[in-house]
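One structure below.
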Amino acid sequence: MNWLWYLFSFALLLGIVVVIHEFGHYWVAKLCGVKVLRFSVGFGKPIVSRRYGADQTEWALGAFPLGGYVKMLDEREAPVAPKELHRAFNRQSVWKRIAIVVAGPLANLLLAILLFWFLFIVGVPGSKPILGEIAKGSAAERAGFAAGEKIVAIDDDPVLTWHEVGWEITTRLASKTPIQVKTEDAAGQPRERLLDPAELTEQDLESDFIGKLGFSRSRPSVEIVEVMGDSPALRAGLQARDEVLSLNRKRLSKGVHEFLETIQASAGKPLEIEVKRHGVVVQLIATPEAAPNQGKVKGVIGAKVGEVEAPALRTKASYGPLLALSKALAKTWDMSWLSLNSLGRMLIGELSVKNLSGPVTIANYAGQTAQMGIIQFISFIAVISISLGVLNLLPIPLLDGGHLMYYIAEIIKGSPVSEKIMEAGQQMGLVLLIGLMAIAFYNDINRLITG
């Protein structure tokens, strides 16, 4: 029933970011004196609804859960009693309408800041950024990086984990300018180098760009997690919790990935497997069985494997409250800019639309991060909250940014945009949003099919 867990995680994620977004609209509308008729999570006919407060605002859960809305008193939608005209949204000044519209996306960005601030204070578990083998002929080798060095800062921004290294480099790749990287060797001696990312292609940016730059992590150990019944692994004598040291007398410098590649390429061939069991080194021989896989034959041994990181490689990225707030603000800004930059590059063809994701992919990641732990799930909520905030600020009719565009035009021309123009804009916006959703759904289904 794994799909139920993924569905629950997705519903929880969506519920949090949508409620916060709509509450931003609701709260500022109330501050501006506008009467709120309905606060709905989801669209369509309400499944459940209750009325509260002096205005008897209807709080509802819609039948279609992907989104939500706040319905305000408005003469354009229904007649308004003369005594309540001053509380109608359309009777408010343009500056109040702008504040109400912008409040939703800003609420999402503030939620992300708050969540990141919390995570930076309690600490995010990760791996120390200690370099493993440097790829020959790579940008990292040309810059002079060496295995065993620890990355401590990117352009003077301190980093404590590999995740932070990846993020700091990601935010600088678009400029194609050299990146200053500070490291320490095993003796603690500081070093500075310039890493040139100019040779990275668009395809590299969509995959393992850290590896393309020539970096690799000091890999965790490979551990046997489970041995299947009547399998080559069982017959060879492998046991759960065995630490794999080498295959065919070759040390595993690339972790689980190298282990699986070697097994898959060795169908029907005996493999020497060296493992450590309760502190004792044991030599075993296993012969992977041939199994069809996407039209090819690959070797399998019937064992699940995982990575076990040595305590010396583990760390936790945590900071004091003030520095944590600074980093939370910076990360939210960087992620917002990265989202806008990526959308812009898609529009001009510099970045593939394959990067767009829809609800299926989001639900998949929600389930995965929830299984990984509360820290990872909170981090993903922050990411989605930023995406929702940025998306809604785009100047597309039907979105908050589209309304903002109309109000800015009203300030410039001195009068509201005509109903005819607004209706035409809404039709264009609807077509554009349907197109984006279709691409996102296609990408979701393609990822499911191709894995």
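In the structure tokens, the first chain shown is A, the next is B, and so on; residue numbers restart at 1 for each chain, and ligands run from 1 in the order shown.
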>> I'd like the neighbourhood of Leu430 of chain A as a PyMOL selection string, where a residue qualifies if any of its atoms comes within 12 Å (using only C-alpha atoms), though same-chain residues fewer than 5 positions away should be ignored.
In response: chain A and resi 396-399+402+423-425+435-437
Dump of N, CA, C and O atoms for the selected residues, as an mmCIF file, in the first residue's frame:
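And here is the file that came out, again.cif:
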data_model
loop_
_atom_site.group_PDB
_atom_site.id
_atom_site.type_symbol
_atom_site.label_atom_id
_atom_site.label_comp_id
_atom_site.auth_asym_id
_atom_site.auth_seq_id
_atom_site.Cartn_x
_atom_site.Cartn_y
_atom_site.Cartn_z
ATOM 1 N N ILE A 396 0.625 36.107 -15.793
ATOM 2 C CA ILE A 396 -0.289 35.299 -16.598
ATOM 3 C C ILE A 396 -1.702 35.496 -16.067
ATOM 4 O O ILE A 396 -1.952 35.266 -14.879
ATOM 5 N N PRO A 397 -2.650 35.942 -16.894
ATOM 6 C CA PRO A 397 -4.023 36.081 -16.433
ATOM 7 C C PRO A 397 -4.524 34.781 -15.805
ATOM 8 O O PRO A 397 -4.147 33.691 -16.235
ATOM 9 N N LEU A 398 -5.347 34.887 -14.803
ATOM 10 C CA LEU A 398 -5.879 33.819 -13.948
ATOM 11 C C LEU A 398 -4.980 33.577 -12.730
ATOM 12 O O LEU A 398 -5.436 33.046 -11.727
ATOM 13 N N LEU A 399 -3.687 33.944 -12.832
ATOM 14 C CA LEU A 399 -2.796 33.841 -11.679
ATOM 15 C C LEU A 399 -2.735 35.194 -10.965
ATOM 16 O O LEU A 399 -3.153 36.222 -11.503
ATOM 17 N N GLY A 402 -1.132 37.884 -12.931
ATOM 18 C CA GLY A 402 -1.955 38.465 -13.988
ATOM 19 C C GLY A 402 -2.803 39.606 -13.463
ATOM 20 O O GLY A 402 -2.910 40.672 -14.103
ATOM 21 N N GLU A 423 -11.312 39.764 -20.050
ATOM 22 C CA GLU A 423 -11.870 38.479 -20.500
ATOM 23 C C GLU A 423 -10.963 37.831 -21.542
ATOM 24 O O GLU A 423 -10.733 36.620 -21.513
ATOM 25 N N ALA A 424 -10.446 38.648 -22.476
ATOM 26 C CA ALA A 424 -9.530 38.110 -23.490
ATOM 27 C C ALA A 424 -8.257 37.578 -22.836
ATOM 28 O O ALA A 424 -7.745 36.512 -23.206
ATOM 29 N N GLY A 425 -7.760 38.327 -21.855
ATOM 30 C CA GLY A 425 -6.571 37.890 -21.139
ATOM 31 C C GLY A 425 -6.791 36.591 -20.388
ATOM 32 O O GLY A 425 -5.921 35.713 -20.364
ATOM 33 N N GLY A 435 -1.761 24.395 -21.452
ATOM 34 C CA GLY A 435 -0.588 23.905 -22.181
ATOM 35 C C GLY A 435 0.542 23.504 -21.248
ATOM 36 O O GLY A 435 1.158 22.447 -21.413
ATOM 37 N N LEU A 436 0.824 24.352 -20.250
ATOM 38 C CA LEU A 436 1.879 24.038 -19.282
ATOM 39 C C LEU A 436 1.542 22.782 -18.488
ATOM 40 O O LEU A 436 2.411 21.935 -18.236
ATOM 41 N N MET A 437 0.272 22.650 -18.098
ATOM 42 C CA MET A 437 -0.149 21.458 -17.350
ATOM 43 C C MET A 437 -0.027 20.206 -18.200
ATOM 44 O O MET A 437 0.375 19.144 -17.715
#
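Counting only C-alpha atoms, Trp167 of chain A has the following residues at most 12 Å away, ignoring those fewer than 2 positions along the same chain: A:Ala153, A:Ile154, A:Asp157, A:Pro158, A:Val159, A:Leu160, A:Thr161, A:Trp162, A:His163, A:Glu164, A:Val165, A:Ile169, A:Thr170, A:Thr171, A:Arg172, A:Leu173, A:Phe209, A:Ile210, A:Ala330, A:Lys331, A:Thr332, A:Asp334, A:Met335, A:Leu338.
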Those same residues, written as an mmCIF file, in the first residue's frame with C-alpha atoms?
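Ended up saving to selection_31.cif:
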data_model
loop_
_atom_site.group_PDB
_atom_site.id
_atom_site.type_symbol
_atom_site.label_atom_id
_atom_site.label_comp_id
_atom_site.auth_asym_id
_atom_site.auth_seq_id
_atom_site.Cartn_x
_atom_site.Cartn_y
_atom_site.Cartn_z
ATOM 1 C CA ALA A 153 33.355 27.603 1.201
ATOM 2 C CA ILE A 154 32.007 28.592 -2.217
ATOM 3 C CA ASP A 157 29.747 31.274 1.546
ATOM 4 C CA PRO A 158 30.516 28.537 4.124
ATOM 5 C CA VAL A 159 29.373 24.988 3.319
ATOM 6 C CA LEU A 160 29.156 22.058 5.718
ATOM 7 C CA THR A 161 27.651 19.269 3.573
ATOM 8 C CA TRP A 162 27.699 17.972 0.022
ATOM 9 C CA HIS A 163 24.115 19.160 -0.350
ATOM 10 C CA GLU A 164 25.189 22.734 0.393
ATOM 11 C CA VAL A 165 28.086 22.430 -2.055
ATOM 12 C CA ILE A 169 27.383 25.697 -7.263
ATOM 13 C CA THR A 170 23.903 25.382 -8.838
ATOM 14 C CA THR A 171 23.079 29.035 -8.115
ATOM 15 C CA ARG A 172 26.264 30.145 -9.895
ATOM 16 C CA LEU A 173 26.190 27.965 -13.003
ATOM 17 C CA PHE A 209 26.747 18.291 -13.124
ATOM 18 C CA ILE A 210 28.887 17.854 -9.989
ATOM 19 C CA ALA A 330 19.477 33.820 1.006
ATOM 20 C CA LYS A 331 18.281 30.332 0.106
ATOM 21 C CA THR A 332 14.696 31.466 -0.456
ATOM 22 C CA ASP A 334 18.307 32.068 -4.582
ATOM 23 C CA MET A 335 15.635 29.409 -5.159
ATOM 24 C CA LEU A 338 16.619 30.068 -9.940
#
> Would you give me, as a PyMOL selection string, the residues in segment 31-208 of chain A that DSSP reads as strand (DSSP E or B)?
Replying inline: chain A and resi 36-52+57-72+124-127+130-131+150-154+157-158+179-184+190-195
Atoms kept (C-alpha atoms) for selection, written as a PDB file, in the first residue's frame:
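To be explicit, this is the file written out as again-v5.pdb:
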ATOM      1  CA  VAL A  36     -14.590  37.412   2.633  1.00  0.00           C
ATOM      2  CA  LEU A  37     -17.436  35.128   1.538  1.00  0.00           C
ATOM      3  CA  ARG A  38     -15.594  31.830   1.172  1.00  0.00           C
ATOM      4  CA  PHE A  39     -12.190  30.327   1.994  1.00  0.00           C
ATOM      5  CA  SER A  40     -11.861  27.128  -0.053  1.00  0.00           C
ATOM      6  CA  VAL A  41      -9.137  24.515  -0.185  1.00  0.00           C
ATOM      7  CA  GLY A  42      -9.758  22.826  -3.525  1.00  0.00           C
ATOM      8  CA  PHE A  43     -12.070  23.734  -6.395  1.00  0.00           C
ATOM      9  CA  GLY A  44     -15.532  22.585  -7.374  1.00  0.00           C
ATOM     10  CA  LYS A  45     -18.540  21.771  -5.230  1.00  0.00           C
ATOM     11  CA  PRO A  46     -17.694  21.842  -1.498  1.00  0.00           C
ATOM     12  CA  ILE A  47     -17.502  18.404   0.127  1.00  0.00           C
ATOM     13  CA  VAL A  48     -17.483  19.877   3.628  1.00  0.00           C
ATOM     14  CA  SER A  49     -18.239  23.474   4.649  1.00  0.00           C
ATOM     15  CA  ARG A  50     -18.833  25.448   7.834  1.00  0.00           C
ATOM     16  CA  ARG A  51     -19.588  29.133   8.515  1.00  0.00           C
ATOM     17  CA  TYR A  52     -17.797  31.115  11.206  1.00  0.00           C
ATOM     18  CA  THR A  57     -17.376  33.300   6.092  1.00  0.00           C
ATOM     19  CA  GLU A  58     -17.768  29.837   4.563  1.00  0.00           C
ATOM     20  CA  TRP A  59     -14.761  27.585   5.151  1.00  0.00           C
ATOM     21  CA  ALA A  60     -14.903  24.783   2.571  1.00  0.00           C
ATOM     22  CA  LEU A  61     -13.077  21.751   1.226  1.00  0.00           C
ATOM     23  CA  GLY A  62     -13.581  21.467  -2.548  1.00  0.00           C
ATOM     24  CA  ALA A  63     -14.050  18.275  -4.547  1.00  0.00           C
ATOM     25  CA  PHE A  64     -10.962  18.922  -6.719  1.00  0.00           C
ATOM     26  CA  PRO A  65      -8.037  19.366  -4.287  1.00  0.00           C
ATOM     27  CA  LEU A  66      -5.322  20.818  -6.563  1.00  0.00           C
ATOM     28  CA  GLY A  67      -5.458  24.426  -5.378  1.00  0.00           C
ATOM     29  CA  GLY A  68      -7.801  26.766  -3.562  1.00  0.00           C
ATOM     30  CA  TYR A  69      -9.280  30.251  -3.552  1.00  0.00           C
ATOM     31  CA  VAL A  70     -10.643  33.091  -1.402  1.00  0.00           C
ATOM     32  CA  LYS A  71     -13.953  34.521  -2.645  1.00  0.00           C
ATOM     33  CA  MET A  72     -14.534  38.151  -1.672  1.00  0.00           C
ATOM     34  CA  VAL A 124      20.214  19.117   8.479  1.00  0.00           C
ATOM     35  CA  PRO A 125      22.086  15.763   8.445  1.00  0.00           C
ATOM     36  CA  GLY A 126      24.473  15.303   5.578  1.00  0.00           C
ATOM     37  CA  SER A 127      27.845  14.118   4.369  1.00  0.00           C
ATOM     38  CA  ILE A 130      35.360  15.528   1.353  1.00  0.00           C
ATOM     39  CA  LEU A 131      36.574  14.927  -2.180  1.00  0.00           C
ATOM     40  CA  LYS A 150      37.438  19.139   2.236  1.00  0.00           C
ATOM     41  CA  ILE A 151      35.403  21.935   0.615  1.00  0.00           C
ATOM     42  CA  VAL A 152      34.738  24.652   3.218  1.00  0.00           C
ATOM     43  CA  ALA A 153      33.355  27.603   1.201  1.00  0.00           C
ATOM     44  CA  ILE A 154      32.007  28.592  -2.217  1.00  0.00           C
ATOM     45  CA  ASP A 157      29.747  31.274   1.546  1.00  0.00           C
ATOM     46  CA  PRO A 158      30.516  28.537   4.124  1.00  0.00           C
ATOM     47  CA  ILE A 179      33.669  29.915  -9.067  1.00  0.00           C
ATOM     48  CA  GLN A 180      36.011  30.445  -6.134  1.00  0.00           C
ATOM     49  CA  VAL A 181      36.232  27.283  -4.019  1.00  0.00           C
ATOM     50  CA  LYS A 182      38.010  27.164  -0.664  1.00  0.00           C
ATOM     51  CA  THR A 183      39.266  23.823   0.646  1.00  0.00           C
ATOM     52  CA  GLU A 184      41.342  22.351   3.448  1.00  0.00           C
ATOM     53  CA  PRO A 190      43.621  26.219   3.506  1.00  0.00           C
ATOM     54  CA  ARG A 191      43.680  26.420  -0.262  1.00  0.00           C
ATOM     55  CA  GLU A 192      41.781  28.459  -2.857  1.00  0.00           C
ATOM     56  CA  ARG A 193      41.033  27.512  -6.457  1.00  0.00           C
ATOM     57  CA  LEU A 194      38.932  28.783  -9.362  1.00  0.00           C
ATOM     58  CA  LEU A 195      36.545  26.232 -10.850  1.00  0.00           C
TER      59      LEU A 195
END
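The nearest approach to Thr177 of chain A among the residues A:Gly214, A:Phe8, A:Val383, A:Glu199, with only C-alpha atoms taken into account, belongs to A:Glu199.
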> Do you know which residues are at most 12 Å from segment 339-356 of chain A counting only C-alpha atoms, after dropping those on the same chain fewer than 2 positions away, and could you put them as a PyMOL selection string?
Replying inline: chain A and resi 170-175+201-207+332-337+358-362+383-395+435-447
>> Let me make sure I understand: among A:Leu313, A:Met228, A:Val222, A:Leu323, which one has the smallest atom-to-atom distance to Val300 of chain A if we use only C-alpha atoms?
In response: A:Met228
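For Ala290 of chain A, the residues within 9 Å (counting only C-alpha atoms, excluding itself and residues fewer than 3 positions away along the chain) are Gln264, Ser266, Ala267, Gly268, Val297, Lys298, Gly299 and Val300 of chain A.
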